[in-house]
Each structure stands twice: as C-alpha cells, then as structure tokens.
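What follows is the content of model15.csv, which has CSV, C-alpha atoms and all ligand atoms:
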```csv
chain,number,residue,atom,x,y,z
A,1,MET,CA,-44.7,-18.4,4.4
A,2,VAL,CA,-43.0,-21.6,3.3
A,3,SER,CA,-41.7,-22.1,-0.2
A,4,GLY,CA,-39.6,-24.8,-1.7
A,5,PRO,CA,-39.3,-27.0,-4.8
A,6,SER,CA,-41.9,-29.5,-5.8
A,7,ALA,CA,-41.5,-32.8,-3.9
A,8,VAL,CA,-39.2,-31.4,-1.3
A,9,GLY,CA,-41.8,-32.5,1.3
A,10,LYS,CA,-43.6,-29.2,2.0
A,11,ASP,CA,-47.0,-31.0,2.7
A,12,THR,CA,-45.5,-33.7,4.9
A,13,VAL,CA,-43.5,-31.1,6.9
A,14,LEU,CA,-46.4,-28.7,7.2
A,15,ASP,CA,-48.9,-31.4,8.1
A,16,ALA,CA,-46.6,-32.6,10.9
A,17,LEU,CA,-46.1,-29.0,12.0
A,18,LEU,CA,-49.9,-28.4,12.1
A,19,SER,CA,-50.6,-31.6,14.1
A,20,ALA,CA,-47.7,-31.0,16.5
A,21,ALA,CA,-48.5,-29.8,20.1
A,22,PRO,CA,-49.8,-26.3,20.1
A,23,SER,CA,-47.2,-23.6,20.9
A,24,GLY,CA,-49.5,-21.0,22.3
A,25,HIS,CA,-50.1,-19.2,19.0
A,26,PRO,CA,-52.8,-20.4,16.7
A,27,LEU,CA,-51.5,-21.7,13.4
A,28,GLN,CA,-53.5,-22.3,10.2
A,29,LYS,CA,-52.6,-23.2,6.6
A,30,CYS,CA,-54.2,-21.2,3.9
A,31,VAL,CA,-56.1,-23.2,1.3
A,32,THR,CA,-55.2,-21.6,-2.0
A,33,ALA,CA,-56.9,-21.7,-5.4
A,34,THR,CA,-55.6,-23.6,-8.4
A,35,THR,CA,-56.6,-24.3,-12.0
A,36,ARG,CA,-54.9,-27.8,-11.9
A,37,PRO,CA,-57.1,-30.8,-11.4
A,38,PRO,CA,-57.0,-32.8,-8.1
A,39,ARG,CA,-54.4,-35.5,-8.0
A,40,PRO,CA,-54.0,-38.6,-5.8
A,41,LYS,CA,-52.5,-37.9,-2.4
A,42,GLU,CA,-49.3,-39.6,-1.3
A,43,GLY,CA,-51.0,-41.2,1.7
A,44,GLY,CA,-53.9,-42.5,-0.5
A,45,GLY,CA,-57.2,-41.0,-1.7
A,46,MET,CA,-57.7,-37.9,-3.9
A,47,GLU,CA,-57.1,-34.3,-3.0
A,48,GLN,CA,-60.3,-32.7,-1.8
A,49,ASP,CA,-61.9,-29.4,-2.9
A,50,GLY,CA,-61.8,-26.8,-0.1
A,51,VAL,CA,-59.3,-28.9,1.9
A,52,ASP,CA,-56.2,-29.3,-0.3
A,53,TYR,CA,-57.0,-26.6,-2.7
A,54,HIS,CA,-60.0,-24.6,-4.0
A,55,PHE,CA,-60.1,-26.3,-7.5
A,56,VAL,CA,-61.4,-23.7,-9.9
A,57,SER,CA,-61.8,-23.3,-13.7
A,58,PRO,CA,-59.4,-20.9,-15.6
A,59,ALA,CA,-62.5,-18.6,-16.1
A,60,ARG,CA,-63.2,-18.5,-12.3
A,61,PHE,CA,-59.5,-17.9,-11.6
A,62,ASN,CA,-59.4,-15.0,-14.1
A,63,ALA,CA,-62.5,-13.5,-12.4
A,64,MET,CA,-60.7,-13.7,-9.0
A,65,VAL,CA,-57.8,-11.9,-10.5
A,66,ALA,CA,-60.0,-9.2,-12.0
A,67,GLN,CA,-61.8,-8.7,-8.7
A,68,ASP,CA,-58.4,-8.4,-6.9
A,69,ALA,CA,-59.4,-11.3,-4.7
A,70,LEU,CA,-55.9,-12.7,-4.7
A,71,LEU,CA,-53.1,-11.5,-2.5
A,72,GLU,CA,-50.7,-13.0,-5.1
A,73,TYR,CA,-50.9,-15.5,-7.9
A,74,ALA,CA,-48.4,-17.2,-10.2
A,75,GLU,CA,-48.2,-19.6,-13.1
A,76,TYR,CA,-46.5,-22.9,-12.3
A,77,ALA,CA,-46.0,-25.9,-14.6
A,78,ASP,CA,-48.9,-24.7,-16.9
A,79,ASN,CA,-51.4,-24.0,-14.1
A,80,TYR,CA,-52.3,-21.0,-12.0
A,81,TYR,CA,-52.2,-20.8,-8.3
A,82,GLY,CA,-53.3,-17.9,-6.0
A,83,THR,CA,-53.8,-16.9,-2.4
A,84,PRO,CA,-57.3,-15.7,-1.3
A,85,ARG,CA,-56.7,-12.2,0.1
A,86,ASP,CA,-59.7,-11.9,2.4
A,87,TRP,CA,-59.1,-15.2,4.2
A,88,VAL,CA,-55.5,-14.2,5.0
A,89,ALA,CA,-56.5,-10.7,6.2
A,90,GLU,CA,-59.3,-12.1,8.4
A,91,ARG,CA,-57.1,-14.7,10.1
A,92,ARG,CA,-54.3,-12.2,10.6
A,93,ALA,CA,-56.7,-9.8,12.2
A,94,GLN,CA,-57.7,-12.7,14.6
A,95,GLY,CA,-54.0,-13.1,15.6
A,96,VAL,CA,-53.6,-16.4,13.7
A,97,ASP,CA,-50.2,-17.3,12.2
A,98,VAL,CA,-51.1,-18.0,8.6
A,99,ILE,CA,-49.0,-20.5,6.7
A,100,LEU,CA,-48.8,-19.9,3.0
A,101,LYS,CA,-47.3,-22.8,1.1
A,102,ILE,CA,-46.5,-21.1,-2.2
A,103,GLU,CA,-43.9,-21.1,-4.9
A,104,VAL,CA,-41.1,-18.5,-5.1
A,105,GLN,CA,-42.6,-15.9,-7.5
A,106,GLY,CA,-45.6,-15.6,-5.2
A,107,GLY,CA,-43.3,-15.5,-2.3
A,108,MET,CA,-41.6,-12.5,-3.6
A,109,ILE,CA,-44.9,-10.7,-4.1
A,110,VAL,CA,-45.9,-11.5,-0.5
A,111,LYS,CA,-42.6,-10.2,0.7
A,112,GLN,CA,-43.3,-6.9,-1.0
A,113,LYS,CA,-46.9,-6.6,0.1
A,114,ALA,CA,-46.7,-7.9,3.7
A,115,ALA,CA,-43.7,-6.4,5.5
A,116,ASP,CA,-44.2,-8.7,8.5
A,117,ALA,CA,-44.2,-11.9,6.5
A,118,VAL,CA,-41.6,-14.4,7.5
A,119,LEU,CA,-40.1,-16.3,4.5
A,120,VAL,CA,-38.9,-19.9,5.1
A,121,PHE,CA,-37.3,-21.8,2.3
A,122,LEU,CA,-37.6,-25.6,2.6
A,123,GLN,CA,-34.7,-27.2,0.7
A,124,PRO,CA,-33.8,-30.7,-0.2
A,125,PRO,CA,-30.6,-32.3,1.0
A,126,SER,CA,-29.5,-32.3,-2.7
A,127,LEU,CA,-31.0,-32.0,-6.2
A,128,GLU,CA,-30.4,-35.7,-6.8
A,129,GLU,CA,-32.5,-36.5,-3.7
A,130,LEU,CA,-35.2,-34.2,-5.0
A,131,GLU,CA,-35.4,-36.0,-8.3
A,132,ARG,CA,-35.6,-39.3,-6.4
A,133,ARG,CA,-38.5,-37.9,-4.4
A,134,LEU,CA,-40.3,-36.6,-7.5
A,135,ARG,CA,-40.0,-39.9,-9.3
A,136,ARG,CA,-41.0,-41.9,-6.2
A,137,ARG,CA,-44.2,-39.8,-5.9
A,138,ARG,CA,-45.5,-41.3,-9.2
A,139,THR,CA,-48.4,-38.8,-9.4
A,140,ASP,CA,-46.9,-36.8,-12.3
A,141,SER,CA,-46.2,-37.7,-15.9
A,142,ASP,CA,-42.6,-37.7,-17.2
A,143,ASP,CA,-43.3,-34.4,-18.8
A,144,GLN,CA,-44.6,-32.9,-15.6
A,145,ILE,CA,-41.6,-34.3,-13.7
A,146,ALA,CA,-39.2,-32.7,-16.2
A,147,LYS,CA,-41.1,-29.3,-15.8
A,148,ARG,CA,-41.1,-29.6,-12.0
A,149,LEU,CA,-37.3,-30.4,-11.9
A,150,LEU,CA,-36.6,-27.4,-14.1
A,151,HIS,CA,-38.7,-25.2,-11.8
A,152,ALA,CA,-36.9,-26.7,-8.8
A,153,ARG,CA,-33.5,-25.6,-10.1
A,154,ARG,CA,-34.8,-22.1,-10.7
A,155,GLU,CA,-36.5,-22.0,-7.3
A,156,LEU,CA,-33.3,-22.8,-5.5
A,157,ASP,CA,-31.9,-19.6,-7.0
A,158,TYR,CA,-34.4,-17.6,-4.9
A,159,ARG,CA,-33.2,-19.0,-1.6
A,160,SER,CA,-31.1,-15.9,-0.9
A,161,HIS,CA,-34.3,-13.8,-0.8
A,162,TYR,CA,-35.7,-15.8,2.1
A,163,ASP,CA,-35.3,-15.1,5.8
A,164,TYR,CA,-34.6,-18.7,6.8
A,165,ALA,CA,-33.6,-22.0,5.0
A,166,VAL,CA,-34.6,-25.3,6.5
A,167,THR,CA,-33.3,-28.5,5.1
A,168,ASN,CA,-35.8,-31.4,4.9
A,169,ASP,CA,-33.5,-34.3,5.5
A,170,ALA,CA,-35.6,-35.8,8.3
A,171,VAL,CA,-39.2,-34.5,8.8
A,172,PRO,CA,-39.1,-34.2,12.7
A,173,GLU,CA,-36.0,-32.0,12.5
A,174,ALA,CA,-37.5,-29.8,9.8
A,175,VAL,CA,-40.6,-29.4,11.9
A,176,GLU,CA,-38.6,-28.5,15.0
A,177,ASP,CA,-36.6,-25.9,13.0
A,178,ILE,CA,-39.8,-24.2,11.8
A,179,ARG,CA,-41.3,-24.2,15.3
A,180,ALA,CA,-38.1,-22.6,16.5
A,181,ILE,CA,-38.4,-19.9,13.8
A,182,LEU,CA,-42.0,-19.2,14.7
A,183,ARG,CA,-41.1,-19.0,18.4
A,184,ALA,CA,-38.2,-16.6,17.7
A,185,GLU,CA,-40.3,-14.5,15.4
A,186,HIS,CA,-42.8,-14.0,18.2
A,187,CYS,CA,-40.0,-12.7,20.5
A,188,ARG,CA,-38.6,-10.4,17.9
A,189,ILE,CA,-38.3,-6.7,18.7
A,190,ARG,CA,-37.3,-5.4,15.3
A,191,ARG,CA,-36.8,-6.7,11.8
A,192,GLY,CA,-33.6,-6.1,9.8
A,193,GLY,CA,-33.7,-2.6,8.2
A,194,ASP,CA,-35.9,-1.2,11.0
A,195,GLY,CA,-33.0,0.4,12.7
B,201,LIG,P1,-48.7,-28.5,-6.6
B,201,LIG,O1,-49.3,-28.6,-8.0
B,201,LIG,O2,-47.5,-29.4,-6.5
B,201,LIG,O3,-49.7,-28.7,-5.5
B,201,LIG,O4,-48.1,-27.0,-6.4
B,201,LIG,C1,-47.2,-26.5,-7.2
B,201,LIG,C2,-46.5,-25.3,-6.6
B,201,LIG,O5,-47.5,-24.2,-6.4
B,201,LIG,C3,-46.0,-25.6,-5.2
B,201,LIG,O6,-44.7,-25.0,-5.1
B,201,LIG,C4,-47.0,-24.9,-4.3
B,201,LIG,O7,-46.4,-24.5,-3.0
B,201,LIG,C5,-47.3,-23.7,-5.1
B,201,LIG,N1,-48.6,-23.1,-4.7
B,201,LIG,C6,-49.7,-23.6,-4.2
B,201,LIG,N2,-50.6,-22.6,-3.9
B,201,LIG,C7,-50.1,-21.5,-4.3
B,201,LIG,C8,-50.5,-20.1,-4.4
B,201,LIG,O8,-51.6,-19.8,-4.0
B,201,LIG,N3,-49.7,-19.2,-4.9
B,201,LIG,C9,-48.5,-19.5,-5.4
B,201,LIG,N4,-47.7,-18.5,-5.8
B,201,LIG,N5,-48.0,-20.8,-5.3
B,201,LIG,C10,-48.8,-21.7,-4.8
```

Would you encode the structure as structure tokens?
Amino acid sequence: MVSGPSAVGKDTVLDALLSAAPSGHPLQKCVTATTRPPRPKEGGGMEQDGVDYHFVSPARFNAMVAQDALLEYAEYADNYYGTPRDWVAERRAQGVDVILKIEVQGGMIVKQKAADAVLVFLQPPSLEELERRLRRRRTDSDDQIAKRLLHARRELDYRSHYDYAVTNDAVPEAVEDIRAILRAEHCRIRRGGDG
C-alpha cells in the first residue's frame, strides 16, 4: 500500500512502477471508488470511470458502506473514497501483489485488517516543493489547494506508522526504491513482532 500527500507524485510513480519490466510477481493497482467528479489528467484528457476511479454518487457510496463492500473508506477534502473489498481479496487469492493508493486514515485501517500489508509512505523532498507541485497541477481550485495542503501537513505526521518511506525527488529512483521493497518483502521470513 502506498500513501502520501496530494501531488507528491503517487500516480506518476505508480504508473512508472506498473509499466516497468515485470519482476516475476504480478502487480496490479486497485481501482477505488470515489464520490468526487472526474478531473483532467496531468498528461491530458479526463479521468475515466473504471480506469482511474469508480466514480459513484454519494447514495451509491453509502450503499457500498452499508453492504460492507469496502475494505476501508475515508473522507478526504469533502469527498469519500473507498477500496472494494472483493476485488482485493480475489487478486490476493490469485497471488497478485495489489497496490492500494490510499490516504493515511485508510492506510491505518488496512494495517489493522491485513497483517501482511506493506505500508509505503511516499514523501516530497520538502513541503515547499509539495506546494509548488500542487499549484503547478492547476486542476484544483485555490480552496481545494488550501485543503489539500492542510491534509498534506497532517498526513506527514502519519509517516512513523508506515513500514517504509520513499522520497519522490526523481521518479526513476522512487520506482527503484519501491521495486526493491517489493523484492525484499517477497524474501522476508518473518515480520517485526512475529518473534
Ligand atoms: P485524489 O482526489 O487526489 O484522486 O485523491 C485524494 C486522496 O484519496 C489521495 O491521497 C488518494 O490516494 C486517496 N484515495 C484514493 N482512493 C482511496 C481509497 O479507496 N481509500 C482511501 N482511504 N483513500 C483513497
């Protein structure tokens, strides 16, 4: 699972990770559900339903919560986001390494529910650089940018709950770091606390 503040470059790093040469273990990113509307993608075009997110109404989201269809969910900058439980369980059963790109509250829930989850925190080189990236993105209103910056500061406080921290200074290095983490995790004999 990868968390990190808005505009730290999670999508760029994860897209590069997913398109990198296969490492022997299948890797897939989970498409999560959100109540926010699609927004323009940085590379051009709009986000697509079922590809970038499952874009759902608040009523549909509530129904998913009521049916216990979400492994975790959280509110973030006035919208709801949640991870489809069955999809993750099916892929895990097939031996796929599932990437969850979620914010920190959801990250903490996954950590409790899935003992074997590996938590990676993607961090910016600095808060100043993060603000520059958020503004450069130009997809959010000033109000949204302010909210996302506030969240970012709070999210950085959760770093100590994660297993690994990767700094996104240059994308290829960040990708290499995550590949190294995945590789090490597949060689792991025991996790901390197991004895
Ligand atoms: P954005 O609106 O920028 O796409 O996403 C806002 C935040 O919600 C990001 O930190 C993103 O990783 C997170 N997020 C996306 N899907 C989920 C989800 O299913 N659960 C949780 N907890 N966070 C999510």

Would you kindly return, as a ChimeraX atom specification, each protein, DNA or RNA residue with an atom no farther than 10 Å from any atom of stretch 135-152 of chain A, considering only C-alpha atoms and excluding same-chain residues fewer than 5 positions away?
/A:4-8,39-42,76-78,103-104,123-124,127,129-130,157

For the residues in the current selection, export C-alpha atoms as a tab-separated table (two decimals), in the frame of the given file.
```tsv
chain	number	residue	atom	x	y	z
A	4	GLY	CA	-39.60	-24.80	-1.70
A	5	PRO	CA	-39.30	-27.00	-4.80
A	6	SER	CA	-41.90	-29.50	-5.80
A	7	ALA	CA	-41.50	-32.80	-3.90
A	8	VAL	CA	-39.20	-31.40	-1.30
A	39	ARG	CA	-54.40	-35.50	-8.00
A	40	PRO	CA	-54.00	-38.60	-5.80
A	41	LYS	CA	-52.50	-37.90	-2.40
A	42	GLU	CA	-49.30	-39.60	-1.30
A	76	TYR	CA	-46.50	-22.90	-12.30
A	77	ALA	CA	-46.00	-25.90	-14.60
A	78	ASP	CA	-48.90	-24.70	-16.90
A	103	GLU	CA	-43.90	-21.10	-4.90
A	104	VAL	CA	-41.10	-18.50	-5.10
A	123	GLN	CA	-34.70	-27.20	0.70
A	124	PRO	CA	-33.80	-30.70	-0.20
A	127	LEU	CA	-31.00	-32.00	-6.20
A	129	GLU	CA	-32.50	-36.50	-3.70
A	130	LEU	CA	-35.20	-34.20	-5.00
A	157	ASP	CA	-31.90	-19.60	-7.00
```

Calculate how many Å separate atom CA of A:Ala20 from atom CA of A:Tyr158, rounding to one decimal.
28.5 Å

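Using all atoms listed in the file as the basis for the distance check, residues found within 7 Å of ligand LIG 201 (chain B) are Ser3, Gly4, Pro5, Ser6, Thr32, Ala33, Thr34, Arg36, Glu72, Tyr73, Ala74, Tyr76, Tyr81, Gly82, Thr83, Lys101, Ile102, Glu103, Val104, Gln105, Gly106 and Gly107 of chain A.
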
Please produce an output containing C-alpha atoms for each residue in the selection, written as a PDB file, in the coordinates of the input.
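As a result, part_9.pdb now contains:
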```
ATOM      1  CA  SER A   3     -41.700 -22.100  -0.200  1.00  0.00           C
ATOM      2  CA  GLY A   4     -39.600 -24.800  -1.700  1.00  0.00           C
ATOM      3  CA  PRO A   5     -39.300 -27.000  -4.800  1.00  0.00           C
ATOM      4  CA  SER A   6     -41.900 -29.500  -5.800  1.00  0.00           C
ATOM      5  CA  THR A  32     -55.200 -21.600  -2.000  1.00  0.00           C
ATOM      6  CA  ALA A  33     -56.900 -21.700  -5.400  1.00  0.00           C
ATOM      7  CA  THR A  34     -55.600 -23.600  -8.400  1.00  0.00           C
ATOM      8  CA  ARG A  36     -54.900 -27.800 -11.900  1.00  0.00           C
ATOM      9  CA  GLU A  72     -50.700 -13.000  -5.100  1.00  0.00           C
ATOM     10  CA  TYR A  73     -50.900 -15.500  -7.900  1.00  0.00           C
ATOM     11  CA  ALA A  74     -48.400 -17.200 -10.200  1.00  0.00           C
ATOM     12  CA  TYR A  76     -46.500 -22.900 -12.300  1.00  0.00           C
ATOM     13  CA  TYR A  81     -52.200 -20.800  -8.300  1.00  0.00           C
ATOM     14  CA  GLY A  82     -53.300 -17.900  -6.000  1.00  0.00           C
ATOM     15  CA  THR A  83     -53.800 -16.900  -2.400  1.00  0.00           C
ATOM     16  CA  LYS A 101     -47.300 -22.800   1.100  1.00  0.00           C
ATOM     17  CA  ILE A 102     -46.500 -21.100  -2.200  1.00  0.00           C
ATOM     18  CA  GLU A 103     -43.900 -21.100  -4.900  1.00  0.00           C
ATOM     19  CA  VAL A 104     -41.100 -18.500  -5.100  1.00  0.00           C
ATOM     20  CA  GLN A 105     -42.600 -15.900  -7.500  1.00  0.00           C
ATOM     21  CA  GLY A 106     -45.600 -15.600  -5.200  1.00  0.00           C
ATOM     22  CA  GLY A 107     -43.300 -15.500  -2.300  1.00  0.00           C
TER      23      GLY A 107
END
```

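Our summary of the geometry notes that atom CA of A:Asp49 is positioned 24.1 Å from atom CA of A:Val110.
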
As an exercise, work out the distance from atom CA of A:Asp97 to atom CA of A:Met64 in Å and give it to one decimal place.
23.9 Å

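Comparing the minimum interatomic distances between A:Leu18 and each of A:Ala184, A:Ser126, A:Val98, A:His161, counting all atoms listed in the file, we find that A:Val98 sits nearest.
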
Please determine, counting all atoms listed in the file, which residue among A:Asn168, A:Ser19, A:Ala63, A:Gly45 has the shortest atom-to-atom distance to A:Pro125.
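Of the candidates, the smallest distance to A:Pro125 is held by A:Asn168.
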